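Below is the file structure_35.tsv, which contains TSV, C-alpha atoms.
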```tsv
chain	number	residue	atom	x	y	z
A	1	MET	CA	27.51	-48.19	16.97
A	2	LEU	CA	28.34	-45.81	14.10
A	3	ARG	CA	24.89	-46.39	12.57
A	4	LYS	CA	23.30	-45.25	15.84
A	5	LEU	CA	25.46	-42.13	16.12
A	6	ILE	CA	24.78	-40.84	12.58
A	7	PRO	CA	21.04	-40.04	13.13
A	8	LEU	CA	21.93	-38.28	16.40
A	9	PHE	CA	24.59	-36.23	14.60
A	10	LEU	CA	22.08	-35.19	11.94
A	11	VAL	CA	19.57	-34.06	14.59
A	12	LEU	CA	22.22	-31.99	16.37
A	13	MET	CA	23.14	-30.31	13.09
A	14	MET	CA	19.56	-29.22	12.37
A	15	PRO	CA	18.53	-25.63	13.16
A	16	SER	CA	17.20	-25.52	16.73
A	17	SER	CA	13.93	-23.94	15.55
A	18	LEU	CA	13.13	-27.16	13.70
A	19	ILE	CA	13.52	-29.20	16.88
A	20	ASN	CA	11.80	-27.10	19.54
A	21	ALA	CA	8.73	-25.30	18.22
A	22	GLN	CA	7.54	-22.61	20.64
A	23	GLU	CA	3.96	-23.39	21.65
A	24	LYS	CA	3.47	-20.52	24.10
A	25	LEU	CA	5.27	-17.25	23.58
A	26	LYS	CA	5.91	-14.41	26.00
A	27	THR	CA	3.85	-11.29	25.43
A	28	PRO	CA	5.78	-8.06	26.03
A	29	THR	CA	3.99	-5.59	28.30
A	30	TYR	CA	1.44	-3.50	26.43
A	31	LEU	CA	2.20	0.19	26.36
A	32	GLN	CA	0.64	2.80	28.62
A	33	LYS	CA	0.83	6.57	28.65
A	34	GLY	CA	4.17	7.67	30.03
A	35	ASP	CA	6.09	4.67	28.65
A	36	SER	CA	9.23	5.18	26.62
A	37	ILE	CA	9.94	3.78	23.16
A	38	ILE	CA	12.85	4.16	20.76
A	39	ILE	CA	12.91	4.73	17.02
A	40	LEU	CA	16.05	3.34	15.39
A	41	ALA	CA	17.35	2.10	12.05
A	42	PRO	CA	18.89	-1.40	11.93
A	43	ALA	CA	19.02	-1.68	8.14
A	44	GLY	CA	18.81	0.76	5.21
A	45	ILE	CA	20.17	4.31	5.26
A	46	LEU	CA	17.95	7.19	6.34
A	47	LYS	CA	18.84	10.03	4.00
A	48	PRO	CA	18.61	13.61	5.36
A	49	SER	CA	15.37	14.15	3.43
A	50	ARG	CA	13.67	11.49	5.55
A	51	LYS	CA	14.52	12.99	8.91
A	52	ALA	CA	11.30	15.02	8.78
A	53	VAL	CA	9.09	11.93	8.55
A	54	VAL	CA	10.93	10.29	11.47
A	55	LEU	CA	10.23	13.39	13.55
A	56	GLU	CA	6.61	13.19	12.42
A	57	ALA	CA	6.47	9.59	13.68
A	58	LYS	CA	7.97	10.75	16.97
A	59	LYS	CA	5.25	13.39	17.21
A	60	LEU	CA	2.56	10.77	16.49
A	61	ALA	CA	3.75	8.47	19.28
A	62	GLU	CA	4.00	11.44	21.65
A	63	SER	CA	0.37	12.30	20.86
A	64	TRP	CA	-0.48	8.90	22.34
A	65	GLY	CA	1.22	9.87	25.59
A	66	LEU	CA	4.50	8.06	24.89
A	67	LYS	CA	8.04	9.31	25.42
A	68	VAL	CA	10.18	8.85	22.32
A	69	VAL	CA	13.95	8.43	22.09
A	70	LEU	CA	15.83	8.41	18.77
A	71	GLY	CA	18.69	6.00	18.14
A	72	LYS	CA	22.05	7.74	18.46
A	73	ASN	CA	23.37	6.44	15.14
A	74	MET	CA	20.17	6.23	13.10
A	75	PHE	CA	21.02	9.08	10.74
A	76	ASN	CA	24.60	7.97	10.13
A	77	ASN	CA	25.77	7.25	6.60
A	78	GLY	CA	27.12	3.75	6.09
A	79	ASN	CA	26.70	3.85	2.32
A	80	HIS	CA	23.79	1.42	1.77
A	81	PHE	CA	23.16	1.25	5.51
A	82	ALA	CA	22.13	3.56	8.37
A	83	GLY	CA	25.65	3.58	9.78
A	84	SER	CA	28.13	0.73	10.10
A	85	ASP	CA	27.09	-2.71	11.32
A	86	SER	CA	28.63	-1.96	14.71
A	87	GLU	CA	26.83	1.39	14.98
A	88	ARG	CA	23.45	-0.08	14.11
A	89	ALA	CA	24.04	-3.02	16.44
A	90	ASP	CA	25.06	-0.64	19.23
A	91	ASP	CA	21.77	1.27	18.97
A	92	PHE	CA	19.79	-1.96	18.96
A	93	GLN	CA	21.76	-3.51	21.83
A	94	LYS	CA	21.28	-0.49	24.07
A	95	ALA	CA	17.55	-0.59	23.31
A	96	LEU	CA	17.37	-4.30	24.10
A	97	ASP	CA	19.22	-3.83	27.40
A	98	ASN	CA	17.34	-0.77	28.65
A	99	PRO	CA	14.42	-1.94	30.84
A	100	ASN	CA	12.80	1.50	30.54
A	101	ILE	CA	12.41	1.14	26.76
A	102	LYS	CA	9.13	-0.71	26.21
A	103	ALA	CA	9.18	-0.91	22.41
A	104	ILE	CA	11.67	-0.75	19.55
A	105	TRP	CA	10.01	0.91	16.56
A	106	VAL	CA	12.01	0.54	13.39
A	107	ALA	CA	12.30	3.62	11.18
A	108	ARG	CA	12.65	1.73	7.88
A	109	GLY	CA	13.62	-1.61	6.39
A	110	GLY	CA	15.49	-1.96	3.12
A	111	TYR	CA	18.29	-4.42	3.82
A	112	GLY	CA	20.72	-4.97	6.65
A	113	SER	CA	18.99	-6.52	9.67
A	114	VAL	CA	20.56	-9.93	9.09
A	115	ARG	CA	24.03	-8.34	9.29
A	116	ILE	CA	23.54	-7.44	12.96
A	117	LEU	CA	21.20	-10.23	14.05
A	118	ASP	CA	23.97	-12.40	15.53
A	119	LYS	CA	25.95	-9.48	16.92
A	120	LEU	CA	23.29	-8.92	19.56
A	121	ASP	CA	22.99	-10.34	23.07
A	122	TYR	CA	19.34	-11.06	23.90
A	123	THR	CA	19.87	-11.91	27.59
A	124	GLN	CA	18.36	-8.74	29.02
A	125	PHE	CA	15.66	-8.67	26.35
A	126	LEU	CA	14.46	-12.10	27.47
A	127	LYS	CA	14.37	-10.89	31.08
A	128	HIS	CA	12.39	-7.79	30.08
A	129	PRO	CA	10.69	-8.54	26.72
A	130	LYS	CA	9.64	-5.51	24.69
A	131	TRP	CA	7.84	-5.04	21.41
A	132	ILE	CA	9.93	-5.09	18.25
A	133	ILE	CA	7.99	-3.45	15.43
A	134	GLY	CA	8.43	-3.33	11.67
A	135	TYR	CA	7.98	-5.31	8.46
A	136	SER	CA	9.85	-6.20	5.26
A	137	ASP	CA	13.56	-6.61	6.16
A	138	ILE	CA	12.57	-6.66	9.85
A	139	THR	CA	11.24	-10.17	9.15
A	140	ALA	CA	14.76	-11.28	10.13
A	141	PHE	CA	14.11	-10.02	13.65
A	142	HIS	CA	10.57	-11.40	13.75
A	143	ASN	CA	11.83	-14.88	12.89
A	144	HIS	CA	14.73	-14.76	15.33
A	145	ILE	CA	12.63	-13.32	18.17
A	146	HIS	CA	9.94	-15.94	17.55
A	147	ASN	CA	12.49	-18.69	18.08
A	148	LEU	CA	13.51	-17.01	21.33
A	149	GLY	CA	9.90	-17.34	22.46
A	150	VAL	CA	8.67	-13.73	22.31
A	151	GLU	CA	5.84	-12.13	20.33
A	152	SER	CA	6.52	-9.20	17.99
A	153	ILE	CA	4.51	-6.77	15.87
A	154	HIS	CA	4.53	-6.87	12.08
A	155	GLY	CA	3.32	-3.37	11.39
A	156	MET	CA	4.03	0.12	10.14
A	157	MET	CA	7.43	1.76	10.43
A	158	ALA	CA	8.21	5.42	11.01
A	159	THR	CA	8.64	6.09	7.29
A	160	SER	CA	5.16	4.66	6.63
A	161	LEU	CA	3.94	8.18	7.40
A	162	GLU	CA	5.20	9.22	3.97
A	163	GLU	CA	2.02	7.69	2.56
A	164	LYS	CA	-1.09	9.79	1.98
A	165	PRO	CA	-2.80	10.37	5.36
A	166	GLU	CA	-6.20	9.20	4.13
A	167	GLU	CA	-4.69	5.89	2.97
A	168	ILE	CA	-3.05	4.92	6.28
A	169	ILE	CA	-5.91	5.47	8.71
A	170	GLU	CA	-6.37	1.73	9.33
A	171	THR	CA	-2.60	1.22	9.31
A	172	ILE	CA	-2.10	3.65	12.19
A	173	SER	CA	-5.22	2.54	14.06
A	174	SER	CA	-4.32	-1.16	14.00
A	175	PHE	CA	-0.72	-0.39	14.99
A	176	LYS	CA	-1.87	1.62	18.00
A	177	ASN	CA	-4.34	-1.13	18.97
A	178	ALA	CA	-1.62	-3.78	18.84
A	179	LEU	CA	0.76	-1.64	20.86
A	180	PHE	CA	-1.74	-0.74	23.59
A	181	GLY	CA	-3.37	-4.18	23.87
A	182	GLU	CA	-6.68	-3.44	22.20
A	183	ASN	CA	-8.54	-6.18	20.34
A	184	LEU	CA	-7.30	-7.02	16.85
A	185	SER	CA	-9.90	-8.40	14.47
A	186	TYR	CA	-10.02	-8.07	10.69
A	187	THR	CA	-12.85	-8.70	8.26
A	188	ILE	CA	-11.86	-8.62	4.58
A	189	PHE	CA	-13.47	-9.26	1.23
A	190	SER	CA	-12.97	-12.83	0.07
A	191	SER	CA	-10.88	-13.44	-3.03
A	192	ILE	CA	-12.18	-15.85	-5.64
A	193	TYR	CA	-8.78	-17.50	-5.38
A	194	ASN	CA	-9.19	-18.31	-1.69
A	195	ARG	CA	-8.85	-21.98	-0.83
A	196	LYS	CA	-11.43	-22.28	1.91
A	197	SER	CA	-11.80	-24.97	4.55
A	198	SER	CA	-14.81	-26.32	6.41
A	199	LYS	CA	-12.59	-27.05	9.40
A	200	LYS	CA	-11.86	-24.67	12.24
A	201	ILE	CA	-8.49	-23.00	11.65
A	202	GLU	CA	-6.59	-21.78	14.68
A	203	GLY	CA	-2.90	-21.42	15.41
A	204	GLN	CA	0.02	-19.07	15.92
A	205	ILE	CA	0.60	-16.62	13.10
A	206	ILE	CA	4.19	-16.30	11.93
A	207	GLY	CA	6.05	-15.27	8.78
A	208	GLY	CA	6.81	-12.03	6.98
A	209	ASN	CA	8.58	-11.05	3.80
A	210	LEU	CA	9.08	-13.99	1.43
A	211	ALA	CA	12.65	-13.14	0.44
A	212	ILE	CA	13.73	-12.77	4.06
A	213	LEU	CA	11.93	-15.97	5.09
A	214	THR	CA	13.89	-17.77	2.41
A	215	SER	CA	17.17	-16.19	3.50
A	216	MET	CA	16.64	-17.54	7.03
A	217	LEU	CA	16.54	-21.17	5.85
A	218	GLY	CA	19.24	-23.36	7.37
A	219	SER	CA	19.95	-20.93	10.21
A	220	LYS	CA	18.85	-20.73	13.83
A	221	SER	CA	16.32	-18.12	12.68
A	222	GLN	CA	14.48	-20.58	10.42
A	223	LEU	CA	10.86	-20.99	11.48
A	224	ASN	CA	9.07	-24.14	12.50
A	225	THR	CA	5.67	-23.88	10.78
A	226	ASP	CA	4.17	-27.08	12.20
A	227	GLY	CA	0.62	-26.39	13.38
A	228	LYS	CA	0.94	-22.67	12.62
A	229	ILE	CA	-0.49	-20.13	10.20
A	230	LEU	CA	2.07	-18.71	7.79
A	231	PHE	CA	1.83	-15.11	6.54
A	232	ILE	CA	3.71	-14.07	3.39
A	233	GLU	CA	4.14	-10.74	1.54
A	234	GLU	CA	6.54	-9.52	-1.14
A	235	ILE	CA	7.48	-6.57	-3.33
A	236	GLY	CA	9.41	-5.90	-6.51
A	237	GLU	CA	10.08	-9.48	-7.63
A	238	TYR	CA	9.59	-11.39	-10.87
A	239	LYS	CA	7.05	-14.21	-10.80
A	240	TYR	CA	9.76	-16.78	-11.44
A	241	SER	CA	11.66	-15.42	-8.43
A	242	ILE	CA	8.56	-15.70	-6.24
A	243	ASP	CA	8.09	-19.27	-7.45
A	244	ARG	CA	11.75	-20.07	-6.73
A	245	MET	CA	11.45	-18.79	-3.16
A	246	LEU	CA	8.21	-20.69	-2.58
A	247	GLN	CA	9.86	-23.83	-3.95
A	248	SER	CA	12.66	-23.31	-1.43
A	249	LEU	CA	10.13	-23.07	1.40
A	250	ILE	CA	8.27	-26.20	0.35
A	251	ARG	CA	11.52	-28.15	0.09
A	252	ALA	CA	12.37	-26.96	3.60
A	253	GLY	CA	9.05	-28.33	4.90
A	254	TYR	CA	7.28	-25.02	5.44
A	255	PHE	CA	4.02	-26.27	3.93
A	256	LYS	CA	4.14	-29.84	5.23
A	257	ASN	CA	2.27	-29.36	8.51
A	258	VAL	CA	1.19	-25.73	8.30
A	259	LYS	CA	-2.48	-25.12	9.17
A	260	ALA	CA	-3.09	-22.32	6.66
A	261	VAL	CA	-1.33	-19.66	4.62
A	262	ILE	CA	-2.26	-15.96	4.52
A	263	ILE	CA	-1.07	-14.02	1.50
A	264	GLY	CA	-0.58	-10.30	2.03
A	265	ASP	CA	0.40	-7.72	-0.56
A	266	MET	CA	2.26	-8.95	-3.63
A	267	SER	CA	3.34	-5.51	-4.78
A	268	LEU	CA	5.04	-4.18	-7.91
A	269	ILE	CA	5.58	-7.56	-9.55
A	270	LYS	CA	8.10	-7.10	-12.34
A	271	LYS	CA	7.33	-8.04	-15.93
A	272	ASN	CA	9.64	-10.63	-17.41
A	273	SER	CA	10.37	-10.89	-21.14
A	274	THR	CA	9.15	-14.49	-20.99
A	275	LYS	CA	5.61	-14.55	-19.63
A	276	TRP	CA	4.84	-16.81	-16.69
A	277	GLY	CA	1.40	-17.51	-18.10
A	278	LYS	CA	-0.55	-17.51	-14.83
A	279	SER	CA	-1.71	-15.02	-12.21
A	280	ILE	CA	0.33	-14.56	-9.05
A	281	GLU	CA	-2.53	-16.18	-7.13
A	282	GLN	CA	-2.45	-19.30	-9.29
A	283	LEU	CA	1.33	-19.43	-9.08
A	284	ILE	CA	1.03	-19.57	-5.30
A	285	LEU	CA	-1.76	-22.15	-5.34
A	286	ASP	CA	0.31	-24.35	-7.64
A	287	VAL	CA	3.04	-24.55	-5.00
A	288	ILE	CA	1.09	-24.84	-1.77
A	289	PRO	CA	-0.37	-28.37	-1.32
A	290	GLU	CA	-4.08	-28.63	-2.12
A	291	SER	CA	-4.91	-29.67	1.45
A	292	ILE	CA	-3.71	-26.32	2.84
A	293	PRO	CA	-6.28	-23.48	3.12
A	294	VAL	CA	-5.08	-20.18	1.62
A	295	LEU	CA	-6.37	-16.64	2.27
A	296	PHE	CA	-5.47	-14.00	-0.32
A	297	ASP	CA	-5.54	-10.21	-0.28
A	298	PHE	CA	-4.88	-9.62	3.40
A	299	PRO	CA	-4.00	-5.92	3.74
A	300	ALA	CA	-0.46	-6.16	5.11
A	301	GLY	CA	2.87	-5.58	3.44
A	302	HIS	CA	4.27	-2.85	1.21
A	303	GLU	CA	1.04	-1.01	0.49
A	304	ALA	CA	-0.32	2.02	2.35
A	305	ASP	CA	-2.99	-0.12	4.04
A	306	ASN	CA	-0.70	-2.22	6.22
A	307	ARG	CA	-2.64	-3.76	9.12
A	308	ALA	CA	-0.74	-4.79	12.23
A	309	LEU	CA	-0.19	-8.47	13.00
A	310	ILE	CA	1.10	-9.88	16.29
A	311	PHE	CA	3.48	-12.66	15.30
A	312	GLY	CA	3.45	-15.61	17.67
A	313	ARG	CA	-0.13	-14.88	18.76
A	314	ASN	CA	-2.91	-17.43	18.28
A	315	VAL	CA	-5.44	-16.40	15.67
A	316	LYS	CA	-8.77	-17.81	14.57
A	317	LEU	CA	-9.13	-17.84	10.82
A	318	SER	CA	-12.20	-18.22	8.63
A	319	ILE	CA	-11.69	-18.34	4.88
A	320	CYS	CA	-14.47	-17.92	2.33
A	321	SER	CA	-14.28	-17.78	-1.45
A	322	ASP	CA	-17.76	-16.44	-2.18
A	323	SER	CA	-19.75	-13.34	-1.22
A	324	LYS	CA	-19.12	-13.98	2.48
A	325	GLN	CA	-16.26	-12.11	4.13
A	326	SER	CA	-13.20	-13.80	5.58
A	327	LYS	CA	-11.99	-13.07	9.11
A	328	VAL	CA	-8.73	-13.03	11.06
A	329	ILE	CA	-9.31	-12.73	14.80
A	330	PHE	CA	-6.45	-12.47	17.29
A	331	LYS	CA	-6.98	-14.27	20.59
A	332	GLU	CA	-5.66	-13.26	23.99
```
What does the file become when written as structure tokens?
Amino acid sequence: MLRKLIPLFLVLMMPSSLINAQEKLKTPTYLQKGDSIIILAPAGILKPSRKAVVLEAKKLAESWGLKVVLGKNMFNNGNHFAGSDSERADDFQKALDNPNIKAIWVARGGYGSVRILDKLDYTQFLKHPKWIIGYSDITAFHNHIHNLGVESIHGMMATSLEEKPEEIIETISSFKNALFGENLSYTIFSSIYNRKSSKKIEGQIIGGNLAILTSMLGSKSQLNTDGKILFIEEIGEYKYSIDRMLQSLIRAGYFKNVKAVIIGDMSLIKKNSTKWGKSIEQLILDVIPESIPVLFDFPAGHEADNRALIFGRNVKLSICSDSKQSKVIFKE
């Protein structure tokens, strides 16, 4: 009898996301002119000098016909954070519960989302799903929301407008298209490192920042990558640290049944006193099983050109490694 109960116990102890993979996610209502959105800060502090760029983001959204509300506590000082955990959670909770707010646009990332993730009640959000938008540290929300069965937007944040205007044209355009339900389709130059496939690649796209993906392991926010396409980006890490995080993902089964991997920006890689000896592309290819197709150089992450992705949406992927261009096409 005990031998029969042990396997059941082990299953019950596994993160729920590893048991019930979401095959069909809810799509929040696309925005229309007259809709209201909120800009708030669930993570890093917004210093007074950055208030101007937040107001610029507000002005941008208003130029699209949207009404913009600012989080009550977003400019609070909580040392490293934009206010205390309870203040940041309060802003986010009110946004989740308000049916008139159609999108939650994060002002900046940094660190701190995980500290409020489990303080929130998602009951009303699931009754009235809305777009949650951001990248980097906001990966914590993307993962958690995915496991609740709702799509989200990995895209620019309010402070992205600090970049040079000419460098974020596609960033803004793709973000607006995702928000208003326009077609999303990307054609990019093929990297010589791409691991192409002759097979048709199609599946839900999920993922985000590598460090945050790794930090979600073993929790209810851990992703189930079976049959899906995994997107990864990172900034400011040593190569050995990137390898360590990828090793953690492979040990957790992230690359066992994944259909393909898309590599976004790998920005500002730190130089270690002991050389790794290989390019970042080869480091990644050494970890991901040879049977898994890999697309490099997708313009999303911590660079100015940060194209919007709808996480949880089915995409059709074609990967080339020669003069032909690779494509990522989002399906309705």
Which residue of A:Asp226, A:Asp121, A:Glu62, A:Asp265 approaches Ala95 in chain A most closely, using all atoms listed in the file: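 Under the stated criterion, the closest residue is A:Asp121.
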Polymer residues at most 7 Å from Ala43 in chain A, all atoms listed in the file, same-chain spacing of 2 or more positions, as a JSON list (two decimals) with C-alpha atoms, in the frame of the given file:
```json
[["chain", "number", "residue", "atom", "x", "y", "z"],
["A", 41, "ALA", "CA", 17.35, 2.10, 12.05],
["A", 45, "ILE", "CA", 20.17, 4.31, 5.26],
["A", 81, "PHE", "CA", 23.16, 1.25, 5.51],
["A", 82, "ALA", "CA", 22.13, 3.56, 8.37],
["A", 109, "GLY", "CA", 13.62, -1.61, 6.39],
["A", 110, "GLY", "CA", 15.49, -1.96, 3.12],
["A", 111, "TYR", "CA", 18.29, -4.42, 3.82],
["A", 112, "GLY", "CA", 20.72, -4.97, 6.65],
["A", 113, "SER", "CA", 18.99, -6.52, 9.67]]
```
Distance in Å - CA of Lys324 in chain A versus CA of Tyr186 in chain A: 13.6 Å
Residues near Glu167 in chain A, cut-off 7 Å, only C-alpha atoms, skip fewer than 3 positions along chain, as a ChimeraX atom specification: /A:163-164,304-305
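Distance check against Lys196 in chain A using all atoms listed in the file: of A:Leu25, A:Ile284, A:Ile104, A:Val261, the minimum falls on A:Val261.
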Counting only C-alpha atoms, which residue out of A:Tyr240, A:Trp131, A:Phe189, A:Tyr254 sits closest to Ser36 in chain A?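 Under the stated criterion, the closest residue is A:Trp131.
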Where's the centre, and what are the edge lengths in Å to one decimal, of a box along x, y and z enclosing all listed atoms of range 181-192 of chain A padded 4 Å per side, as lines of an AutoDock Vina configuration file?
```
center_x = -8.4
center_y = -9.6
center_z = 9.1
size_x = 18.1
size_y = 20.4
size_z = 37.5
```
With only C-alpha atoms as the basis for distance, which of A:Ala252, A:Ile37, A:Val294, A:Ile212 is at the shortest distance from Ile132 in chain A?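 Looking at the shortest contact to Ile132 in chain A, the residue is A:Ile37.
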State, in Å with one decimal place, the distance from CA of Val287 in chain A to CA of Met266 in chain A.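 Atom-to-atom, CA of Val287 in chain A to CA of Met266 in chain A, that is 15.7 Å.
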Shell around Asp297 in chain A at 7 Å using only C-alpha atoms, local window under 6 positions removed, as a list in words: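 Here the answer would be Ser191, Ile263, Gly264 and Asp265 of chain A.
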